[in-house]
Amino acid sequence: MGDYILLVISCILVNNILLAQYLGNCPFLGTSKKMETAVGMAMAVVFVLVMAGVITWIADTFFLKRFGLEYLRTISFILVIAALVQFVEMFLKKSIPALYAGLGIFLPLITTNCAVMGVCLINIKEEYTFMQVIVSSFGYAVGFGLALILFAGVRERILLARVPKPLQDTSIALVTAGILSLTFYAFKGMV
Amino acid sequence: MTEAVLFMLLLGGVCGLVLSFASKIFYVYEDPRIAEVEGLLAGANCGGCGYAGCSAAAVAVVEGQAPPSVCVISGSETAALVAAVVGVDAGSAEPMRSYNTCQGGDRAVTKYHYMGINSCRALAALYGGMRECSVGCLGLGDCVRACAFDALKIGPDGYPVVDEAKCVGCGACEKVCPKNIMEIKTMSDKLLHLNQYDDRIAPCQQTCPAEIDIPKYISQIRNNDYEGAVKTIRERNPLLLSCGRVCPHPCEDLCRRGIEDEAVSINQLKRFVADYEMNSGKRIPISCALPTGKKVAVVGGGPAGLSCAYFLRRLGHEVTIFDAMPKLGGMIRYGIPEYRLPKEVLAWEIEGILNLGVKSRANVKLGRDFDMGSLVSAGYDAIFLGIGAWKDYSLKVEGEDLDGCFTGIDFLTRFAKNQQGDGGDSIKIGQKCAVIGGGNTAIDCVRTLVRLGAKEVTIVYRRTRNEMPANMVEIEAAEHEGVKFVFLAAPVRVIADDKGKAKQLEYLKMELGEPDASGRRRPVPIEGSETLLDVDMLVTAIGQGPDVSFKEDGKRMDDLGITRWNTIDSADPVALQTSIPYVFTAGDAATGASLVVEAIGGGRRAARSIHMFLSGKATTPPPKTLFKNHIPGSVFDAVDGIKQTPRVKMPELPVDERIKTFDEADLVISEDDALEESMRCLSCCLSCYNKDVADLPL
Amino acid sequence: MAKSITQEFVKGLWDEIPPFRLVLGLCPVLAVTTTVENGLGMGLATTFVLVCSNMLVSLLRDIIPSKVRIACFIVIIATFVTVVELLMQAFTYPLFLKLGIFIPLIVVNCIVLGRSEAFAFKNPVMPSLADGLGIGIGFTLSLAALGAVREILGSGTFFNISLFGPSFQPFSLMVEAPGAFICLGLMLCIMNLVGNK
């Protein structure tokens, strides 16, 4: 049990996927302009990441490894993730429209989110067990959400600040992300 | 190798199959434009645009929340294609166009000096901006930066100017503007707009019952854009030739120049451009929305009916006007005499409306030839009742139905019908005529009688000249034409001669007492002051109301509510929907006898409600609708920076010439005068205006 | 507005140089630019994928139905990413280890997908090749430049050659995550200044 708690903390804070692992930066900059979008995106990532982590782990363990086809990992993972996301999107749209309105619209963005693909690859690389995969995927996703929501809060403020012209927009956002990253840096060595 | 190929084929096949089945099972309808836009976007789902993937961006674009240039990957080519998809409203295929609603810009008073970043949104967060005007443009150009099509720039006066040729109506500017200065509207949206408490409109436009954008058309006149001015007026008023002649222009009462100087001659300018169009020999094209397939019956072809039919037609509905008289026009044809509004002019104006595809049927009367039941069974989806106020009030004195006694509307109508060759008996005109009443109908009667050769024409009115409800210009014109006035006189009875013909009018002298509910001092009779006036013709014109006798002999009319003033009841004076949901009303039928321009405005409001009703939306006006009221703070007590400049004189026929004929008495101002007059306009907005500069061209 | 092939190539080096002008594909930019070498390696791998996928997409652009084009692009890109992965594993194993999961992640790099969609799908083979090469080299240069700055400041070396001698105290923050963000942000700012965008 203790191991799992440690794993969660490590995933959320120490190895924060956005600010320490450099994954998923496109949506990090793209969807953090508004708090509303950021929250929706964070929820959707938690939802998909856990599912993707599980399904890619199953694909890897039971198919790729069994037939010695590890070199097809990249291509099969991206296919599986894309198909999964598309399927979930269609399912939510029809069956649970309320949930779809909240986080379903963020699903397509996740297909090409390197955070999802990245976490799946990390899971395999670290040779996690099934339970560990679930916990780490969840942890990374929560870390993603945490960083995204914090960042969106800061960016909403920046919009009203006086920023020198060349630094405006993405530039200042990156510097801000750097400072935010610095705070997460303090967790280093905790686990 | 083989297993790799097999594995990939299997994986691809499974994914493809699952997804294609899922798309069938989980199919949900969405706006086809969303899919179309999504097909055009890059599809990389990179999130660079700030939306959650390409389909979310497509939804946002279609809903007007994101500009067509939303995609950071694809270039301007894609943006143009996307704009082509969303720029067209699926329902009506009317192009959306952006326009700004603030005309203040730099001239609005500055509250504080702003040194922050160059963004309207940031500026708006600081006490709502640096200007005193809380609703006006901030001028930092967020909209200009948002426009992907280079269609916007900040003009010389500090507010954005739209280049209509480049605008695709994407809505990017509307979305970014923190003050809602930029609006994206289709023609229909513009026609349906009602003045709102948070609109940026001058006092004159707030006052005009038809809500015409007066400062805009005057500035168009100033720039020699007469066609543009006509189009601006036609967005609110289809009867500009008639209004330009007969409107008592309540707008001029609140003209800001009028506070320090003479008011701008707004109505003369309207008449000038209206006559300009008519005299140019060609009609300025009027565009209509695509057909909606709905049919509306307009009962009554007067100003309210014509206005309602015109707006409904422009909104894409099929309209038929039913009128009891031989020709369309209602009270402005049969009640307003030729010398004020020549029938030729009116015919040209009505022809323009019918040219839009409005059908009309004359000589059919509601209650006699058809009723609401027959209209419903003929497939009309909504009915407009603009039956006017044609029933004269009677004096209720002894002898008022003697030979030689007439009532006002009846007299004017019979004479007008006869004059136009629409049949009816000619009226034998007396030598000593008296007209009872102080309204415009009474003045029309006396001026008509003067032209018909009556030797002595007298107006008998129970209050004084100051209380007369008729327009002051009309009263003055009547005085110039030699009409006598007997004030403070209340008719008691009409005395007949031995042949049963009216011989004398007996009246009581009055004096003014306490002010009554209308603010006018109530006349009180003086005991024993009976006086006799010799007459051989008497016209009673003391007011008129709607004739609702149709209600007794028609079907489906029991539910139609009638007020105690005999007008058709509509719960909301803006929505104008009657107690029968598919029946609407406006004009004199709804308000009692009132102004032409009131009826025109009412016709448009009813058209709006009918359009809403036919589109399945609520007819209730928006909560901030401004109606017979003014936006607080927009009406001033004093206006500084005004240089006294007299208004142009309206040319008119000399008195001795005009009393002999029914030729138009008031003439149109010249182009030079019109330009000069247009310079006098201060181009007011809600709180700011152009002060006169020293070198004002005169 | 037919541009010459040279123009298509050159625009990737300045006018549309990623990730500065096209702010996409930031993850590898931030993650692997701790040294010039890594930056160059990553850049070249991406260039390879970009050129190959651009060419193939352009060749197949008449065959691919536009409804499933995105899926096709992903498969094509994934194929070339696998090729690069295997090649690097075989010939530059140390670099492959350093770049780690960022090599397979080229598959989700928006720049590659974006070029397929925005350019290769609409243009013939030669311009697509030039476009891919231009953007790819531009990307490589950016990565190398960022790598150089971070390596010099963060480790005091350039291509693993010590520059300042043993007394230099490295500004080690620069090779860590916060440094990556700040450094990229400031470089973007300089680009904005220079390009007066």
# chains A, B, ... in the order shown; residues from 1 in each chain; ligands from 1
>>> closest_atom_pairs(of="chain C", to="chain A", cutoff="10 Å", atoms="only C-alpha atoms", output="Markdown table")
| residue | atom | partner | partner_atom | distance |
| --- | --- | --- | --- | --- |
| C:Phe20 | CA | A:Ser171 | CA | 9.5 |
| C:Val23 | CA | A:Thr170 | CA | 7.9 |
| C:Leu24 | CA | A:Cys26 | CA | 6.3 |
| C:Gly25 | CA | A:Cys26 | CA | 6.6 |
| C:Leu26 | CA | A:Asn25 | CA | 6.0 |
| C:Cys27 | CA | A:Tyr22 | CA | 5.3 |
| C:Pro28 | CA | A:Tyr22 | CA | 7.5 |
| C:Val29 | CA | A:Tyr22 | CA | 8.8 |
| C:Leu30 | CA | A:Tyr22 | CA | 6.3 |
| C:Ala31 | CA | A:Tyr22 | CA | 5.5 |
| C:Val32 | CA | A:Tyr22 | CA | 9.2 |
| C:Ala71 | CA | A:Leu79 | CA | 8.3 |
| C:Ile74 | CA | A:Ile78 | CA | 7.9 |
| C:Val75 | CA | A:Ile75 | CA | 6.7 |
| C:Ile76 | CA | A:Ile75 | CA | 9.1 |
| C:Ile77 | CA | A:Ile75 | CA | 8.6 |
| C:Ala78 | CA | A:Ile75 | CA | 5.0 |
| C:Thr79 | CA | A:Ile75 | CA | 6.5 |
| C:Phe80 | CA | A:Ile75 | CA | 9.4 |
| C:Val81 | CA | A:Thr74 | CA | 7.8 |
| C:Thr82 | CA | A:Thr74 | CA | 6.7 |
| C:Val83 | CA | A:Tyr71 | CA | 9.3 |
| C:Glu85 | CA | A:Tyr71 | CA | 8.5 |
| C:Leu86 | CA | A:Tyr71 | CA | 7.7 |
| C:Gly100 | CA | A:Lys125 | CA | 9.7 |
| C:Ile101 | CA | A:Leu121 | CA | 6.9 |
| C:Phe102 | CA | A:Gly118 | CA | 8.0 |
| C:Ile103 | CA | A:Thr74 | CA | 9.6 |
| C:Pro104 | CA | A:Thr74 | CA | 5.9 |
| C:Leu105 | CA | A:Cys114 | CA | 6.4 |
| C:Ile106 | CA | A:Cys114 | CA | 8.8 |
| C:Val107 | CA | A:Thr74 | CA | 7.8 |
| C:Val108 | CA | A:Thr112 | CA | 5.0 |
| C:Asn109 | CA | A:Cys114 | CA | 7.5 |
| C:Cys110 | CA | A:Thr112 | CA | 7.5 |
| C:Leu113 | CA | A:Thr112 | CA | 9.4 |
| C:Leu173 | CA | A:Leu182 | CA | 9.0 |
| C:Glu176 | CA | A:Ala20 | CA | 8.1 |
| C:Ala177 | CA | A:Ala20 | CA | 5.5 |
| C:Pro178 | CA | A:Gly178 | CA | 4.2 |
| C:Gly179 | CA | A:Gly178 | CA | 6.4 |
| C:Ala180 | CA | A:Gly178 | CA | 7.2 |
| C:Phe181 | CA | A:Gly178 | CA | 4.5 |
| C:Ile182 | CA | A:Val175 | CA | 4.3 |
| C:Cys183 | CA | A:Val175 | CA | 7.6 |
| C:Leu184 | CA | A:Leu174 | CA | 6.9 |
| C:Gly185 | CA | A:Ser171 | CA | 4.4 |
| C:Leu186 | CA | A:Ser171 | CA | 6.6 |
| C:Met187 | CA | A:Ser171 | CA | 8.1 |
| C:Leu188 | CA | A:Ser171 | CA | 5.6 |
| C:Cys189 | CA | A:Leu167 | CA | 4.9 |
| C:Ile190 | CA | A:Pro166 | CA | 7.3 |
| C:Met191 | CA | A:Pro166 | CA | 8.2 |
| C:Asn192 | CA | A:Pro166 | CA | 5.2 |
| C:Leu193 | CA | A:Pro166 | CA | 5.5 |
| C:Val194 | CA | A:Pro166 | CA | 9.2 |
| C:Gly195 | CA | A:Pro166 | CA | 9.6 |
| C:Asn196 | CA | A:Pro166 | CA | 8.0 |
| C:Lys197 | CA | A:Pro166 | CA | 8.0 |
>>> residues_around(residues="region 36-43 of chain C", least_positions_apart="3", cutoff="8 Å", atoms="only C-alpha atoms", output="VMD selection string")
chain C and resid 28 to 29 32 to 33 46 to 47 95 98 to 99 103 136 to 137 139 to 141 143 to 148 151 158 to 159
>>> write_last_selection(atoms="C-alpha atoms", output="PDB file, in the first residue's frame")
ATOM      1  CA  PRO C  28      10.865  17.551 -27.434  1.00  0.00           C
ATOM      2  CA  VAL C  29      12.097  21.118 -27.676  1.00  0.00           C
ATOM      3  CA  VAL C  32      16.021  17.068 -25.084  1.00  0.00           C
ATOM      4  CA  THR C  33      17.812  20.354 -25.449  1.00  0.00           C
ATOM      5  CA  THR C  46      12.343  14.753 -36.719  1.00  0.00           C
ATOM      6  CA  THR C  47      13.590  16.071 -40.056  1.00  0.00           C
ATOM      7  CA  LEU C  95      21.943   8.954 -28.332  1.00  0.00           C
ATOM      8  CA  LYS C  98      19.470   9.688 -24.055  1.00  0.00           C
ATOM      9  CA  LEU C  99      16.506  10.758 -26.128  1.00  0.00           C
ATOM     10  CA  ILE C 103      11.833   9.386 -30.296  1.00  0.00           C
ATOM     11  CA  GLY C 136      12.935  20.102 -40.442  1.00  0.00           C
ATOM     12  CA  ILE C 137      16.231  21.959 -40.711  1.00  0.00           C
ATOM     13  CA  PHE C 139      13.501  22.836 -36.263  1.00  0.00           C
ATOM     14  CA  THR C 140      16.966  21.271 -35.964  1.00  0.00           C
ATOM     15  CA  LEU C 141      18.636  24.672 -35.877  1.00  0.00           C
ATOM     16  CA  LEU C 143      16.869  22.819 -31.111  1.00  0.00           C
ATOM     17  CA  ALA C 144      20.609  23.138 -31.550  1.00  0.00           C
ATOM     18  CA  ALA C 145      20.546  26.815 -30.642  1.00  0.00           C
ATOM     19  CA  LEU C 146      18.468  26.194 -27.552  1.00  0.00           C
ATOM     20  CA  GLY C 147      20.672  23.236 -26.738  1.00  0.00           C
ATOM     21  CA  ALA C 148      23.783  25.385 -27.113  1.00  0.00           C
ATOM     22  CA  GLU C 151      24.570  23.565 -22.417  1.00  0.00           C
ATOM     23  CA  PHE C 158      29.808  22.953 -25.842  1.00  0.00           C
ATOM     24  CA  PHE C 159      29.616  19.583 -27.592  1.00  0.00           C
TER      25      PHE C 159
END
>>> residues_around(residues="Ser162 (chain C)", least_positions_apart="6", cutoff="12 Å", atoms="only C-alpha atoms", output="ChimeraX atom specification")
/C:151-156,168-170
>>> closest_residue(among="C:Thr92, C:Ser4, C:Ser116, C:Ser58", to="chain B", atoms="only C-alpha atoms")
C:Ser116
>>> atom_distance(atom1="CA of Phe550 (chain B)", atom2="CA of Phe415 (chain B)")
24.5 Å
>>> closest_atom_pairs(of="chain A", to="chain B", cutoff="8 Å", atoms="only C-alpha atoms", output="JSON lines")
{"residue": "A:Cys26", "atom": "CA", "partner": "B:Gly47", "partner_atom": "CA", "distance": 6.2}
{"residue": "A:Pro27", "atom": "CA", "partner": "B:Gly47", "partner_atom": "CA", "distance": 5.0}
{"residue": "A:Leu29", "atom": "CA", "partner": "B:Gly48", "partner_atom": "CA", "distance": 7.3}
{"residue": "A:Gly30", "atom": "CA", "partner": "B:Gly50", "partner_atom": "CA", "distance": 4.2}
{"residue": "A:Thr31", "atom": "CA", "partner": "B:Gly50", "partner_atom": "CA", "distance": 4.6}
{"residue": "A:Ser32", "atom": "CA", "partner": "B:Gly50", "partner_atom": "CA", "distance": 7.3}
{"residue": "A:Lys33", "atom": "CA", "partner": "B:Gly50", "partner_atom": "CA", "distance": 6.8}
{"residue": "A:Thr37", "atom": "CA", "partner": "B:Tyr51", "partner_atom": "CA", "distance": 7.6}
{"residue": "A:Met41", "atom": "CA", "partner": "B:Ala52", "partner_atom": "CA", "distance": 7.2}
{"residue": "A:Phe67", "atom": "CA", "partner": "B:Glu3", "partner_atom": "CA", "distance": 7.8}
{"residue": "A:Leu69", "atom": "CA", "partner": "B:Ala4", "partner_atom": "CA", "distance": 6.7}
{"residue": "A:Leu72", "atom": "CA", "partner": "B:Ala4", "partner_atom": "CA", "distance": 7.7}
{"residue": "A:Ser76", "atom": "CA", "partner": "B:Met8", "partner_atom": "CA", "distance": 7.5}
{"residue": "A:Leu79", "atom": "CA", "partner": "B:Gly12", "partner_atom": "CA", "distance": 7.6}
{"residue": "A:Val80", "atom": "CA", "partner": "B:Cys15", "partner_atom": "CA", "distance": 7.3}
{"residue": "A:Ala83", "atom": "CA", "partner": "B:Cys15", "partner_atom": "CA", "distance": 5.9}
{"residue": "A:Gln86", "atom": "CA", "partner": "B:Leu19", "partner_atom": "CA", "distance": 7.4}
{"residue": "A:Phe87", "atom": "CA", "partner": "B:Leu19", "partner_atom": "CA", "distance": 6.2}
{"residue": "A:Met90", "atom": "CA", "partner": "B:Phe26", "partner_atom": "CA", "distance": 5.7}
{"residue": "A:Phe91", "atom": "CA", "partner": "B:Phe26", "partner_atom": "CA", "distance": 5.9}
{"residue": "A:Lys93", "atom": "CA", "partner": "B:Val28", "partner_atom": "CA", "distance": 7.1}
{"residue": "A:Lys94", "atom": "CA", "partner": "B:Phe26", "partner_atom": "CA", "distance": 5.2}
{"residue": "A:Ser95", "atom": "CA", "partner": "B:Phe26", "partner_atom": "CA", "distance": 7.7}
{"residue": "A:Ile105", "atom": "CA", "partner": "B:Ala56", "partner_atom": "CA", "distance": 5.8}
{"residue": "A:Phe106", "atom": "CA", "partner": "B:Ala52", "partner_atom": "CA", "distance": 4.5}
{"residue": "A:Leu107", "atom": "CA", "partner": "B:Ala52", "partner_atom": "CA", "distance": 7.4}
{"residue": "A:Pro108", "atom": "CA", "partner": "B:Gly53", "partner_atom": "CA", "distance": 5.4}
{"residue": "A:Leu109", "atom": "CA", "partner": "B:Gly53", "partner_atom": "CA", "distance": 4.1}
{"residue": "A:Ile110", "atom": "CA", "partner": "B:Asn45", "partner_atom": "CA", "distance": 7.7}
{"residue": "A:Thr111", "atom": "CA", "partner": "B:Asn45", "partner_atom": "CA", "distance": 7.4}
{"residue": "A:Thr112", "atom": "CA", "partner": "B:Asn45", "partner_atom": "CA", "distance": 6.3}
{"residue": "A:Asn113", "atom": "CA", "partner": "B:Cys46", "partner_atom": "CA", "distance": 7.4}
{"residue": "A:Leu159", "atom": "CA", "partner": "B:Ala122", "partner_atom": "CA", "distance": 7.2}
{"residue": "A:Leu160", "atom": "CA", "partner": "B:Ala122", "partner_atom": "CA", "distance": 5.1}
{"residue": "A:Ala161", "atom": "CA", "partner": "B:Ile117", "partner_atom": "CA", "distance": 7.5}
{"residue": "A:Arg162", "atom": "CA", "partner": "B:Ile117", "partner_atom": "CA", "distance": 5.2}
{"residue": "A:Val163", "atom": "CA", "partner": "B:Ile117", "partner_atom": "CA", "distance": 7.0}
>>> atom_distance(atom1="CA of Val273 (chain B)", atom2="CA of Tyr217 (chain B)")
9.4 Å
>>> select_by_dssp(residues="region 219-307 of chain B", states="alpha helix (DSSP H)", output="PyMOL selection string")
chain B and resi 219-222+226-234+240-246+250-253+257-260+266-280+303-307
>>> write_last_selection(atoms="N, CA and C atoms", output="CSV table (one decimal), in the first residue's frame")
chain,number,residue,atom,x,y,z
B,219,SER,N,-25.6,62.1,-41.4
B,219,SER,CA,-24.2,62.1,-41.7
B,219,SER,C,-24.0,61.6,-43.1
B,220,GLN,N,-24.9,60.7,-43.6
B,220,GLN,CA,-24.8,60.2,-45.0
B,220,GLN,C,-25.2,61.3,-45.9
B,221,ILE,N,-26.2,62.1,-45.6
B,221,ILE,CA,-26.5,63.3,-46.4
B,221,ILE,C,-25.3,64.2,-46.5
B,222,ARG,N,-24.7,64.4,-45.4
B,222,ARG,CA,-23.5,65.3,-45.3
B,222,ARG,C,-22.4,64.9,-46.3
B,226,TYR,N,-26.8,60.1,-50.6
B,226,TYR,CA,-28.2,60.1,-50.5
B,226,TYR,C,-28.9,58.7,-50.5
B,227,GLU,N,-28.3,57.9,-51.4
B,227,GLU,CA,-28.8,56.5,-51.4
B,227,GLU,C,-28.7,55.8,-50.1
B,228,GLY,N,-27.5,56.0,-49.5
B,228,GLY,CA,-27.2,55.4,-48.2
B,228,GLY,C,-28.2,55.9,-47.2
B,229,ALA,N,-28.5,57.2,-47.2
B,229,ALA,CA,-29.5,57.8,-46.3
B,229,ALA,C,-30.9,57.1,-46.5
B,230,VAL,N,-31.3,57.0,-47.7
B,230,VAL,CA,-32.6,56.4,-48.0
B,230,VAL,C,-32.6,54.9,-47.4
B,231,LYS,N,-31.5,54.2,-47.6
B,231,LYS,CA,-31.4,52.8,-47.1
B,231,LYS,C,-31.5,52.8,-45.6
B,232,THR,N,-30.8,53.7,-45.0
B,232,THR,CA,-30.8,53.8,-43.5
B,232,THR,C,-32.3,54.0,-43.0
B,233,ILE,N,-33.0,55.0,-43.6
B,233,ILE,CA,-34.3,55.3,-43.2
B,233,ILE,C,-35.2,54.0,-43.4
B,234,ARG,N,-35.0,53.4,-44.6
B,234,ARG,CA,-35.8,52.2,-44.9
B,234,ARG,C,-35.6,51.0,-44.0
B,240,LEU,N,-41.1,56.9,-46.3
B,240,LEU,CA,-40.4,58.1,-46.0
B,240,LEU,C,-40.9,59.3,-46.8
B,241,LEU,N,-41.4,59.1,-48.0
B,241,LEU,CA,-42.0,60.2,-48.7
B,241,LEU,C,-43.2,60.8,-47.9
B,242,SER,N,-44.0,59.9,-47.4
B,242,SER,CA,-45.2,60.4,-46.7
B,242,SER,C,-44.8,61.0,-45.4
B,243,CYS,N,-43.9,60.3,-44.6
B,243,CYS,CA,-43.5,60.8,-43.4
B,243,CYS,C,-42.8,62.2,-43.5
B,244,GLY,N,-41.9,62.2,-44.5
B,244,GLY,CA,-41.2,63.5,-44.8
B,244,GLY,C,-42.1,64.7,-45.0
B,245,ARG,N,-43.4,64.4,-45.3
B,245,ARG,CA,-44.3,65.5,-45.5
B,245,ARG,C,-45.2,65.7,-44.3
B,246,VAL,N,-45.7,64.6,-43.7
B,246,VAL,CA,-46.8,64.9,-42.7
B,246,VAL,C,-46.3,64.6,-41.3
B,250,PRO,N,-41.6,64.5,-33.7
B,250,PRO,CA,-41.3,64.6,-32.3
B,250,PRO,C,-39.8,64.5,-32.0
B,251,CYS,N,-39.1,63.9,-32.9
B,251,CYS,CA,-37.6,63.8,-32.8
B,251,CYS,C,-37.0,65.2,-32.6
B,252,GLU,N,-37.5,66.2,-33.3
B,252,GLU,CA,-36.9,67.5,-33.3
B,252,GLU,C,-37.0,68.1,-31.9
B,253,ASP,N,-38.1,67.7,-31.2
B,253,ASP,CA,-38.3,68.3,-29.8
B,253,ASP,C,-37.1,68.0,-28.9
B,257,ARG,N,-29.2,70.3,-30.4
B,257,ARG,CA,-29.0,71.7,-30.9
B,257,ARG,C,-30.2,72.6,-30.5
B,258,GLY,N,-31.4,72.0,-30.4
B,258,GLY,CA,-32.6,72.7,-30.1
B,258,GLY,C,-32.6,73.3,-28.7
B,259,ILE,N,-31.7,72.8,-27.8
B,259,ILE,CA,-31.6,73.3,-26.5
B,259,ILE,C,-31.0,74.7,-26.4
B,260,GLU,N,-30.0,74.9,-27.3
B,260,GLU,CA,-29.3,76.2,-27.3
B,260,GLU,C,-29.7,77.1,-28.5
B,266,ILE,N,-34.9,67.9,-39.0
B,266,ILE,CA,-34.7,66.5,-39.3
B,266,ILE,C,-35.6,66.0,-40.4
B,267,ASN,N,-36.9,66.4,-40.3
B,267,ASN,CA,-37.9,65.9,-41.2
B,267,ASN,C,-37.7,66.4,-42.6
B,268,GLN,N,-37.3,67.7,-42.7
B,268,GLN,CA,-37.0,68.3,-44.0
B,268,GLN,C,-35.9,67.5,-44.7
B,269,LEU,N,-34.9,67.0,-43.9
B,269,LEU,CA,-33.8,66.3,-44.5
B,269,LEU,C,-34.3,64.9,-45.0
B,270,LYS,N,-35.2,64.3,-44.2
B,270,LYS,CA,-35.8,63.0,-44.6
B,270,LYS,C,-36.5,63.2,-45.9
B,271,ARG,N,-37.3,64.3,-46.0
B,271,ARG,CA,-38.1,64.6,-47.2
B,271,ARG,C,-37.2,64.8,-48.4
B,272,PHE,N,-36.1,65.5,-48.1
B,272,PHE,CA,-35.1,65.8,-49.2
B,272,PHE,C,-34.6,64.5,-49.8
B,273,VAL,N,-34.1,63.6,-49.0
B,273,VAL,CA,-33.6,62.3,-49.6
B,273,VAL,C,-34.7,61.5,-50.2
B,274,ALA,N,-35.9,61.5,-49.6
B,274,ALA,CA,-37.0,60.7,-50.1
B,274,ALA,C,-37.4,61.2,-51.5
B,275,ASP,N,-37.5,62.6,-51.6
B,275,ASP,CA,-37.8,63.2,-52.9
B,275,ASP,C,-36.7,63.0,-53.9
B,276,TYR,N,-35.4,63.0,-53.4
B,276,TYR,CA,-34.3,62.8,-54.3
B,276,TYR,C,-34.4,61.4,-55.0
B,277,GLU,N,-34.8,60.4,-54.2
B,277,GLU,CA,-34.9,59.1,-54.8
B,277,GLU,C,-36.0,59.1,-55.8
B,278,MET,N,-37.2,59.7,-55.4
B,278,MET,CA,-38.3,59.6,-56.4
B,278,MET,C,-38.0,60.4,-57.6
B,279,ASN,N,-37.4,61.5,-57.5
B,279,ASN,CA,-37.1,62.4,-58.7
B,279,ASN,C,-35.9,61.8,-59.5
B,280,SER,N,-35.1,60.9,-58.9
B,280,SER,CA,-34.0,60.3,-59.7
B,280,SER,C,-34.6,59.4,-60.7
B,303,PRO,N,-50.9,53.1,-42.9
B,303,PRO,CA,-49.4,53.1,-42.6
B,303,PRO,C,-49.0,51.9,-41.8
B,304,ALA,N,-49.8,51.5,-40.8
B,304,ALA,CA,-49.4,50.4,-39.9
B,304,ALA,C,-49.4,49.1,-40.8
B,305,GLY,N,-50.4,48.9,-41.6
B,305,GLY,CA,-50.4,47.7,-42.4
B,305,GLY,C,-49.3,47.7,-43.4
B,306,LEU,N,-49.1,48.8,-44.1
B,306,LEU,CA,-48.1,48.8,-45.1
B,306,LEU,C,-46.7,48.6,-44.5
B,307,SER,N,-46.5,49.2,-43.3
B,307,SER,CA,-45.2,49.0,-42.6
B,307,SER,C,-45.0,47.6,-42.2
